[in-house]
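Right, one structure below, let's go through it.
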Protein chains: 4
Amino acid sequence: MSLTDRYYQVRKRSEQICSPLQTEDYVVQPVVDVSPPKWHLGHTTWFFETFILKPNFMGYREYDPDYNYVFNSYYETVGARVIRTDRGNLSRPTVIDVYRYREYVDNAMIEFLCHEPSAEVKELLELGFNHEEQHQELLYYDIKYILGHNPLFPAYDKHYKAPLFEQGEAKMIGIAEGVYEVGHAGDGFCFDNELNRHKVYLNAFEISRLMVTNAEYLEFINAGAYADFRFWHAEGWDWVNTNKISSPLYWHLIEGHWHYYTLAGLQPLKLDEPVGHISYYEAYAYAMWKGMRLPTEFEWEVAAAQFNWGKAWEWTESAYLPYPGFIKAPGAIGEYNGKFMVNQKVLRGASDATPPGHSRSTYRNFFHPNLRWLFNGIRLAR
Amino acid sequence: MSLTDRYYQVRKRSEQICSPLQTEDYVVQPVVDVSPPKWHLGHTTWFFETFILKPNFMGYREYDPDYNYVFNSYYETVGARVIRTDRGNLSRPTVIDVYRYREYVDNAMIEFLCHEPSAEVKELLELGFNHEEQHQELLYYDIKYILGHNPLFPAYDKHYKAPLFEQGEAKMIGIAEGVYEVGHAGDGFCFDNELNRHKVYLNAFEISRLMVTNAEYLEFINAGAYADFRFWHAEGWDWVNTNKISSPLYWHLIEGHWHYYTLAGLQPLKLDEPVGHISYYEAYAYAMWKGMRLPTEFEWEVAAAQFNWGKAWEWTESAYLPYPGFIKAPGAIGEYNGKFMVNQKVLRGASDATPPGHSRSTYRNFFHPNLRWLFNGIRLAR
Amino acid sequence: MSLTDRYYQVRKRSEQICSPLQTEDYVVQPVVDVSPPKWHLGHTTWFFETFILKPNFMGYREYDPDYNYVFNSYYETVGARVIRTDRGNLSRPTVIDVYRYREYVDNAMIEFLCHEPSAEVKELLELGFNHEEQHQELLYYDIKYILGHNPLFPAYDKHYKAPLFEQGEAKMIGIAEGVYEVGHAGDGFCFDNELNRHKVYLNAFEISRLMVTNAEYLEFINAGAYADFRFWHAEGWDWVNTNKISSPLYWHLIEGHWHYYTLAGLQPLKLDEPVGHISYYEAYAYAMWKGMRLPTEFEWEVAAAQFNWGKAWEWTESAYLPYPGFIKAPGAIGEYNGKFMVNQKVLRGASDATPPGHSRSTYRNFFHPNLRWLFNGIRLAR
Amino acid sequence: MSLTDRYYQVRKRSEQICSPLQTEDYVVQPVVDVSPPKWHLGHTTWFFETFILKPNFMGYREYDPDYNYVFNSYYETVGARVIRTDRGNLSRPTVIDVYRYREYVDNAMIEFLCHEPSAEVKELLELGFNHEEQHQELLYYDIKYILGHNPLFPAYDKHYKAPLFEQGEAKMIGIAEGVYEVGHAGDGFCFDNELNRHKVYLNAFEISRLMVTNAEYLEFINAGAYADFRFWHAEGWDWVNTNKISSPLYWHLIEGHWHYYTLAGLQPLKLDEPVGHISYYEAYAYAMWKGMRLPTEFEWEVAAAQFNWGKAWEWTESAYLPYPGFIKAPGAIGEYNGKFMVNQKVLRGASDATPPGHSRSTYRNFFHPNLRWLFNGIRLAR
């Protein structure tokens with residue numbers, strides 16, 4: 001695929017994800033982890049404008065200097081922010097303004113891409129594509145949160161289908177003790193946190209072929225495990241009690257029957273589907289209760305060829321830390337991954353919100369252990 | 001004016017106030033005291049539906065039972081709220097949905113008003129009109145806050161004119177000691193907190209003919225009074241330091257020149273205009289610094305005939321408390337005023353955001369002493 | 001009594017109050033409103049050292065300049081505070097150090113008082129005596145809180161007797177409409193907030209001869225009034241729910257029987273005693289539930305000659321505001337009262353913790369409406 | 001050494017550490033991470049009473065059942081806590097009460113140890129000894145915090161000597177790539193978190209022979225690194241800005257000269273001493289600024305034989321996670337370590353507050369990354 005085609009494809013996909021939304025849905029930010037959809041659309045545009053067009057496209061005229069305050073995210077390197085305001089408080093730029101901004105930058109990019117860019121710029125482009133794809137995944141999380149926390153429970157798309165999943169007997173896969181190589185190999189794109197490929201020593205272990213189901217998780221709930229400190233980390237126990245957690249996010253007990261909110265609206269809970277929207281604390285407690293544990297990210301990576309993965313991010317026991325020889329890129333791009341490498345847990349796999357072609361068995365996703373709005377699940381090991 | 005005409009006039013005015021807004025402006029809630037404009041439009045409609053149509057209009061069919069959760073405000077009497085969520089997180093009902101709701105209820109109300117209602121219903125109607133007028137005033141405050149806290153500083157209406165104000169020499173008006181009557185008199189509408197009319201004993205006092213100007217307030221700023229504890233209440237001093245307050249709300253020092261945000265956009269500060277958007281703490285500190293004080297609400301009411309008032313709410317020294325013989329109405333309507341009678345200060349007057357015909361010299365407005373987003377000002381006494 | 005005798009008597013009384021304490025009891029600060037007893041002992045000493053000895057006693061040598069950081073309270077005028085630390089974190093100066101400080105200052109004061117001081121100094125001395133008496137009252141509140149919130153429920157003094165109270169039929173006293181004079185009269189000491197004596201106009205009212213009893217308050221509890229929003233201010237309702245309040249402070253339901261913690265230890269609740277340790281919010285809600293109200297401070301003062309008062313501070317409906325013509329004294333002494341005149345409620349009367357001779361019918365005590373650790377009660381009016 | 005001698009030695013050492021304290025120093029809790037010294041003395045006693053005496057010493061009579069509420073720490077298994085109160089608010093039991101409690105339990109323990117206990121009890125005893133030794137280390141941290149945050153800066157012991165440290169050229173030690181064994185080996189005591197001994201694969205790395213000094217750390221400060229986001233984790237950057245951190249804990253810039261608080265009192269900063277009392281965030285930022293990194297806990301353990309360690313805990317890059325095959329013990333003892341294995345960082349080494357004989361090169365200490373009151377330091381790797 002040409003660079004122009006790839007650019008066009010990535011950019012249009014973000015807009016397609018937003019196409020079922022009402023204008024108002026683009027604006028709100030119910031919790032700090034969720035961003036308004038219009039912010040995602042603007043921020044990904046700002047990335048191409050700031051890192052590709054402004055430094056590399058001679059004669060390019062910035063769309064609006066104020067947008068730097070509005071659509072910059074965590075990039076401390078690029079400009080000061082004059083007014084500190086929460087994203088969810090900004091009614092302007094309007095949704096139409098943001099689409100105009102996208103159009104303006106897209107036109108400039110298409111023009112810019114008429115000439116073969118340098119290798120360095122191509123690398124930044126590839127990062128920009130993957131960056132926008134990451135925000136596409138977040139768009140699904142955030143849209144689900146925004147609509148799923150509205151008392152009217154509006155559907156995102158009444159015909160949205162839950163991902164297919166594997167059923168059957170949950171046999172364990174055995175992996176032998178030894179030295180294994182992990183981390184990204186080959187010439188394809190990867191994020192800096194997947195490098196360098198390196199050796200790890202693994203003890204023998206077993207990992208489940210299947211994900212934990214809603215039916216299995218209900219047993220954990222019905223056994224009273226949310227009220228039994230023995231299965232929880234001290235921090236998890238505090239989290240459960242402070243937030244009065246007693247079931248996964250989006251679950252609602254309505255007249256004695258469990259329902260859950262999906263992108264197609266509120267539905268009766270399907271027992272044979274994999275459980276989702278649980279925190280790391282809950283995944284860990286479930287594993288404790290089962291007398292098992294979560295896999296480490298390296299166990300997962302080594303075993304991944306032997307099971308089907310990819311419709312939910314799987315919590316691992318691993319903390320998000322640098323690989324041997326990890327080096328932060330200089331400048332704003334270097335802020336991408338390294339600065340988050342403390343107090344977060346690695347998730348492996350991919351979800352049904354992950355863009356096609358965006359997943360790899362070496363991909364390291366990471367979130368704080370209390371977060372539940374991402375599309376996740378549990379695979380056990382021992 | 002017929003009841004139908006009065007109804008129509010009040011209802012349209014709310015929509016006219018919102019007519020310059022973009023859809024997105026209707027949705028956000030930057031701080032807890034501000035409500036999204038679409039909430040005001042829905043809540044005032046809910047008032048007529050709940051208190052007039054449902055109990056009194058036979059055959060009326062509720063527009064949507066879920067709207068009770070969304071548009072109920074502080075009325076604990078009327079139904080439980082299933083999902084506790086902040087107003088600013090609700091993208092649905094959309095703005096168009098809310099206008100449809102208004103249209104539906106308006107049509108029913110017009111039909112209902114074809115027959116002369118009972119005296120009791122007329123009283124509720126009058127309360128509904130005044131209730132909506134209060135929300136019209138809040139709409140101005142909230143819209144100004146939403147746009148004035150956006151880094152793009154969009155104007156509400158580029159042609160919006162600041163209210164006329166009286167200039168000249170700030171002579172003091174003297175009032176003699178004695179027993180005076182205060183509180184609402186006559187047959188016209190008033191809120192329950194203006195009753196009963198009763199006698200108060202006032203010592204001799206003087207009150208200023210004019211409001212404090214920006215120029216005068218700048219002297220207070222330039223004298224370092226924001227950093228001098230002697231002029232402040234202990235709570236005011238904490239408030240100044242915790243929130244790093246050093247000028248009125250909406251003031252911005254840009255390259256050495258004071259500007260302020262108005263509904264017409266950001267403008268150079270006009271020195272001869274009355275100062276506005278200050279907290280009670282600041283009004284009090286200014287008065288201390290001047291060696292004067294704020295009037296009590298009764299001093300204000302007794303003297304009001306002798307000066308021009310009405311383009312800004314004036315902080316008084318009085319706490320918001322019940323008048324002798326005050327009785328809360330039974331039921332949800334009784335929650336209107338009485339339950340706020342602690343820890344708030346009375347403001348007297350009216351602002352340029354006050355609907356025509358909504359002001360009275362006996363009107364008791366009230367806010368917490370730290371609030372600044374209302375349209376207010378300072379008149380001194382001694 | 002000579003000034004020396006009066007000085008000696010006041011100072012010794014503070015130490016007598018503390019005599020049953022263990023060293024550890026002097027140190028802790030369980031909540032922000034409570035001060036450690038050793039702080040009271042040091043702060044009252046600091047008052048005499050700072051305002052009498054240092055400016056007036058030639059050759060006086062300050063005991064320890066660091067003590068200014070430790071024992072200054074809210075006096076912003078006197079010196080900066082280098083290290084901001086909570087009183088309850090300070091293990092040093094030790095209790096013995098504080099008693100040595102008292103002894104040093106007392107010796108200097110006795111010597112200073114050998115010569116008749118100036119009228120101005122005498123006025124400050126009188127303020128110092130009354131200041132220390134106020135802290136004696138707070139010592140009882142704070143000691144009770146410290147011991148009463150310890151899981152071992154230690155007694156302050158096993159032989160401590162609850163105050164005598166009047167029983168009998170709770171007849172109402174009627175007061176006629178008219179102009180009355182309130183505020184301090186005569187030559188005796190009073191605080192600045194009791195001045196100036198001035199006229200007020202009162203409507204006819206009735207006020208109860210007796211305080212509300214535990215038995216009567218239990219009816220309120222048993223009627224479910226803590227869970228019925230109708231009786232509460234909006235802020236009171238929030239306070240009840242946020243803090244899960246369902247009975248007065250120090251009440252404990254143990255195996256179905258109400259007990260309460262007294263300075264003599266935990267005891268079964270005595271039904272005929274006046275209810276105490278309730279917030280203004282609770283006092284107000286009780287009055288609402290009874291179909292009555294709290295008196296204003298002026299009603300109370302005018303009627304006070306006709307009932308027995310003095311064993312509990314009585315919440316009034318009045319906000320704590322300046323009297324007509326109130327003027328703050330210049331300098332640090334001026335910080336005494338005026339700066340608290342916002343968001344507090346007036347209590348009238350006196351408690352069994354009030355030092356003998358410290359009470360007056362014009363005395364204005366004041367606390368925030370949520371506070372309960374003071375010795376208070378409820379008298380109804382209508 | 002006999003069990004009785006070992007018991008006696010451990011128990012006396014706790015009391016010796018506290019011997020320079022004033023009674024008041026035993027009581028306060030300036031921040032949540034610090035416990036009052038008397039609580040440490042009581043809690044370690046409660047451990048022997050609860051886990052040794054009550055289940056194993058027939059006829060033993062519990063000293064005071066209420067002490068379970070007071071001296072239980074994080075052991076959810078053992079009894080409910082009736083009154084939730086902070087440790088620093090408890091004036092009772094007094095210090096003398098706690099020493100009496102120690103004496104009572106010590107006498108019972110000495111009697112109990114007259115007979116050879118079972119192997120299982122011996123294991124618990126060994127855990128009890130090590131548990132008390134851990135609290136001895138915490139006693140030093142907490143005492144330093146209590147005295148070092150007092151505006152009078154009292155010394156713990158004027159003759160307290162800073163630990164000796166190695167000086168000279170900071171050469172790097174090289175370690176070859178390969179498979180290494182880590183974790184506790186042999187029969188001696190270790191905590192459950194040091195098991196199982198297992199293989200890890202390490203890449204080649206270098207580690208510094210010496211700790212970072214105050215002089216080196218001052219360069220980092222003087223280079224403005226506390227104000228340069230590039231060296232910090234995103235969370236570290238928030239922490240620095242929220243808490244206005246600009247130097248290590250206990251450092252004070254007094255009239256242009258750096259001082260620091262030591263257990264011997266406030267002293268001029270000694271440039272050649274190792275820097276201490278820094279958070280993991282600061283240790284990481286320092287390493288980034290130097291173009292190096294912190295070692296992992298396994299690198300540290302493998303290299304430890306080649307450098308002198310043991311006068312400060314050294315932050316590692318490793319998260320605190322279970323070793324392969326880690327199993328929590330059943331019951332209350334199982335709450336010891338496993339439940340903290342999330343969001344904490346491992347420190348290796350030992351400090352001058354570590355009891356003699358308590359350190360091992362496999363010992364895994366752990367703290368949250370923001371904590372600074374422990375005795376720690378920085379060793380670099382690359």
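In the structure tokens, the first chain shown is A, the next is B, and so on; residue numbers restart at 1 for each chain, and ligands run from 1 in the order shown.
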- Would you mind listing what lies within 8 Å of D:Tyr141 as a list in words, with only C-alpha atoms counted and same-chain residues fewer than 4 positions away left out? Val34, Glu137, Tyr145, Ala353, Trp373, Leu374 and Phe375 of chain D
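Within 7 Å of stretch 238-252 of chain B, once only C-alpha atoms are used and residues closer than 3 positions along the same chain are dropped, the contacting residues are Tyr226, Ala234, Glu235, Trp258, His259, Tyr260, Tyr261, His277, Ile278 and Arg372 of chain B.
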Saved selection, atoms kept: all heavy atoms, as a CSV table (one decimal), in the first residue's frame:
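That gives us selection10.csv:
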chain,number,residue,atom,x,y,z
B,226,TYR,N,-4.6,42.0,48.5
B,226,TYR,CA,-4.8,40.5,48.4
B,226,TYR,C,-3.7,39.8,49.2
B,226,TYR,O,-3.9,38.6,49.4
B,226,TYR,CB,-4.7,40.1,46.9
B,226,TYR,CG,-6.1,40.2,46.2
B,226,TYR,CD1,-6.3,41.2,45.3
B,226,TYR,CD2,-7.0,39.2,46.4
B,226,TYR,CE1,-7.5,41.3,44.7
B,226,TYR,CE2,-8.2,39.3,45.7
B,226,TYR,CZ,-8.5,40.3,44.9
B,226,TYR,OH,-9.7,40.4,44.2
B,234,ALA,N,-10.9,35.2,58.3
B,234,ALA,CA,-10.0,34.0,58.3
B,234,ALA,C,-10.3,33.1,57.2
B,234,ALA,O,-9.4,32.6,56.5
B,234,ALA,CB,-10.1,33.3,59.7
B,235,GLU,N,-11.6,32.8,56.9
B,235,GLU,CA,-12.0,31.9,55.8
B,235,GLU,C,-11.7,32.5,54.5
B,235,GLU,O,-11.3,31.8,53.5
B,235,GLU,CB,-13.5,31.6,55.8
B,235,GLU,CG,-13.9,30.7,57.0
B,235,GLU,CD,-15.3,30.2,56.9
B,235,GLU,OE1,-15.9,30.3,55.8
B,235,GLU,OE2,-15.8,29.6,57.9
B,258,TRP,N,-4.5,45.1,32.0
B,258,TRP,CA,-5.6,44.3,32.4
B,258,TRP,C,-6.7,44.2,31.3
B,258,TRP,O,-7.1,45.2,30.8
B,258,TRP,CB,-6.2,45.0,33.7
B,258,TRP,CG,-5.4,44.7,34.9
B,258,TRP,CD1,-4.7,45.6,35.6
B,258,TRP,CD2,-5.4,43.4,35.6
B,258,TRP,NE1,-4.1,45.0,36.7
B,258,TRP,CE2,-4.5,43.6,36.7
B,258,TRP,CE3,-5.9,42.2,35.4
B,258,TRP,CZ2,-4.2,42.6,37.6
B,258,TRP,CZ3,-5.6,41.2,36.3
B,258,TRP,CH2,-4.8,41.4,37.4
B,259,HIS,N,-7.1,43.0,31.1
B,259,HIS,CA,-8.2,42.7,30.2
B,259,HIS,C,-9.3,42.0,31.0
B,259,HIS,O,-9.0,41.4,32.1
B,259,HIS,CB,-7.8,41.8,29.1
B,259,HIS,CG,-6.9,42.6,28.1
B,259,HIS,ND1,-5.6,43.0,28.4
B,259,HIS,CD2,-7.1,42.9,26.8
B,259,HIS,CE1,-5.1,43.6,27.4
B,259,HIS,NE2,-6.0,43.6,26.4
B,260,TYR,N,-10.5,42.0,30.5
B,260,TYR,CA,-11.5,41.1,31.1
B,260,TYR,C,-12.4,40.5,30.1
B,260,TYR,O,-12.6,41.1,29.0
B,260,TYR,CB,-12.2,41.7,32.3
B,260,TYR,CG,-13.2,42.7,32.0
B,260,TYR,CD1,-14.5,42.7,32.6
B,260,TYR,CD2,-13.0,43.8,31.0
B,260,TYR,CE1,-15.4,43.7,32.3
B,260,TYR,CE2,-13.9,44.7,30.8
B,260,TYR,CZ,-15.1,44.7,31.4
B,260,TYR,OH,-16.1,45.6,31.2
B,261,TYR,N,-12.8,39.3,30.4
B,261,TYR,CA,-13.7,38.6,29.5
B,261,TYR,C,-15.1,39.0,29.7
B,261,TYR,O,-15.6,39.0,30.8
B,261,TYR,CB,-13.6,37.1,29.7
B,261,TYR,CG,-14.5,36.3,28.8
B,261,TYR,CD1,-14.2,36.1,27.4
B,261,TYR,CD2,-15.8,35.9,29.2
B,261,TYR,CE1,-15.1,35.5,26.6
B,261,TYR,CE2,-16.7,35.3,28.4
B,261,TYR,CZ,-16.3,35.0,27.1
B,261,TYR,OH,-17.2,34.4,26.2
B,277,HIS,N,-17.9,40.3,39.5
B,277,HIS,CA,-17.3,39.0,39.6
B,277,HIS,C,-16.3,38.9,40.7
B,277,HIS,O,-15.2,38.4,40.6
B,277,HIS,CB,-16.7,38.5,38.3
B,277,HIS,CG,-17.8,38.3,37.2
B,277,HIS,ND1,-18.7,37.4,37.3
B,277,HIS,CD2,-18.0,38.9,36.0
B,277,HIS,CE1,-19.5,37.4,36.3
B,277,HIS,NE2,-19.1,38.4,35.5
B,278,ILE,N,-16.7,39.4,41.9
B,278,ILE,CA,-15.9,39.3,43.1
B,278,ILE,C,-16.7,38.5,44.1
B,278,ILE,O,-17.9,38.4,44.1
B,278,ILE,CB,-15.5,40.6,43.7
B,278,ILE,CG1,-16.6,41.7,43.5
B,278,ILE,CG2,-14.3,41.2,43.0
B,278,ILE,CD1,-17.7,41.6,44.4
B,372,ARG,N,-18.2,33.6,42.5
B,372,ARG,CA,-17.9,34.8,41.7
B,372,ARG,C,-18.5,34.8,40.3
B,372,ARG,O,-18.3,35.8,39.6
B,372,ARG,CB,-16.3,34.9,41.6
B,372,ARG,CG,-15.6,34.7,42.9
B,372,ARG,CD,-14.3,35.4,42.9
B,372,ARG,NE,-13.3,34.8,42.0
B,372,ARG,CZ,-12.1,35.4,41.7
B,372,ARG,NH1,-11.7,36.5,42.4
B,372,ARG,NH2,-11.3,34.8,40.9
Check: Taking only C-alpha atoms into account, what are the residues of chain A at most 8 Å from chain B, put as a PyMOL selection string?
Finding: chain A and resi 22-25+27-30+66+69-70+82-83+85-86+88-95+146-147+149-152+154
Using only C-alpha atoms, which protein or nucleic acid residues come within 6 Å of stretch 44-51 of chain B? Drop anything in the same chain fewer than 3 positions from it, and give the result as a PyMOL selection string.
chain B and resi 41+54+102+132
Please measure the separation of atom CA of B:Phe57 and atom CA of B:Trp39, giving the value in Å to one decimal.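 Distance between the two atoms: 24.3 Å.
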Could you name the residues that touch A:Val212 at 7 Å or less, counting only C-alpha atoms, but leaving out those on the same chain fewer than 5 positions away, as a compact mmCIF listing (two decimals) with all heavy atoms, in the first residue's frame?
# COMPACT_ATOMS: atom_id res chain seq x y z
N PRO A 274 -16.43 -14.66 27.43
CA PRO A 274 -15.34 -14.33 28.36
C PRO A 274 -15.71 -13.13 29.22
O PRO A 274 -16.34 -12.19 28.73
CB PRO A 274 -14.16 -13.99 27.43
CG PRO A 274 -14.51 -14.56 26.11
CD PRO A 274 -16.00 -14.57 26.01
N VAL A 275 -15.33 -13.17 30.49
CA VAL A 275 -15.57 -12.02 31.36
C VAL A 275 -14.65 -10.87 30.92
O VAL A 275 -13.53 -11.10 30.46
CB VAL A 275 -15.32 -12.39 32.84
CG1 VAL A 275 -13.86 -12.66 33.13
CG2 VAL A 275 -15.84 -11.28 33.76
N ILE A 378 -9.27 -12.38 31.40
CA ILE A 378 -8.38 -13.16 32.27
C ILE A 378 -8.01 -14.48 31.62
O ILE A 378 -8.89 -15.24 31.21
CB ILE A 378 -9.05 -13.49 33.63
CG1 ILE A 378 -9.65 -12.25 34.27
CG2 ILE A 378 -8.06 -14.18 34.56
CD1 ILE A 378 -10.49 -12.55 35.52
N ARG A 379 -6.70 -14.75 31.53
CA ARG A 379 -6.21 -16.09 31.20
C ARG A 379 -5.34 -16.55 32.36
O ARG A 379 -4.47 -15.81 32.83
CB ARG A 379 -5.37 -16.04 29.92
CG ARG A 379 -4.94 -17.43 29.42
CD ARG A 379 -4.00 -17.36 28.24
NE ARG A 379 -4.53 -16.64 27.10
CZ ARG A 379 -5.34 -17.16 26.17
NH1 ARG A 379 -5.67 -18.44 26.23
NH2 ARG A 379 -5.77 -16.42 25.19
Exercise for the section: Select from stretch 16-207 of chain D everything DSSP, run on the backbone, classes as alpha helix (DSSP H), then give the selection as a ChimeraX atom specification. Expected result: /D:16-18,37-48,54-56,67-71,95-112,119-148
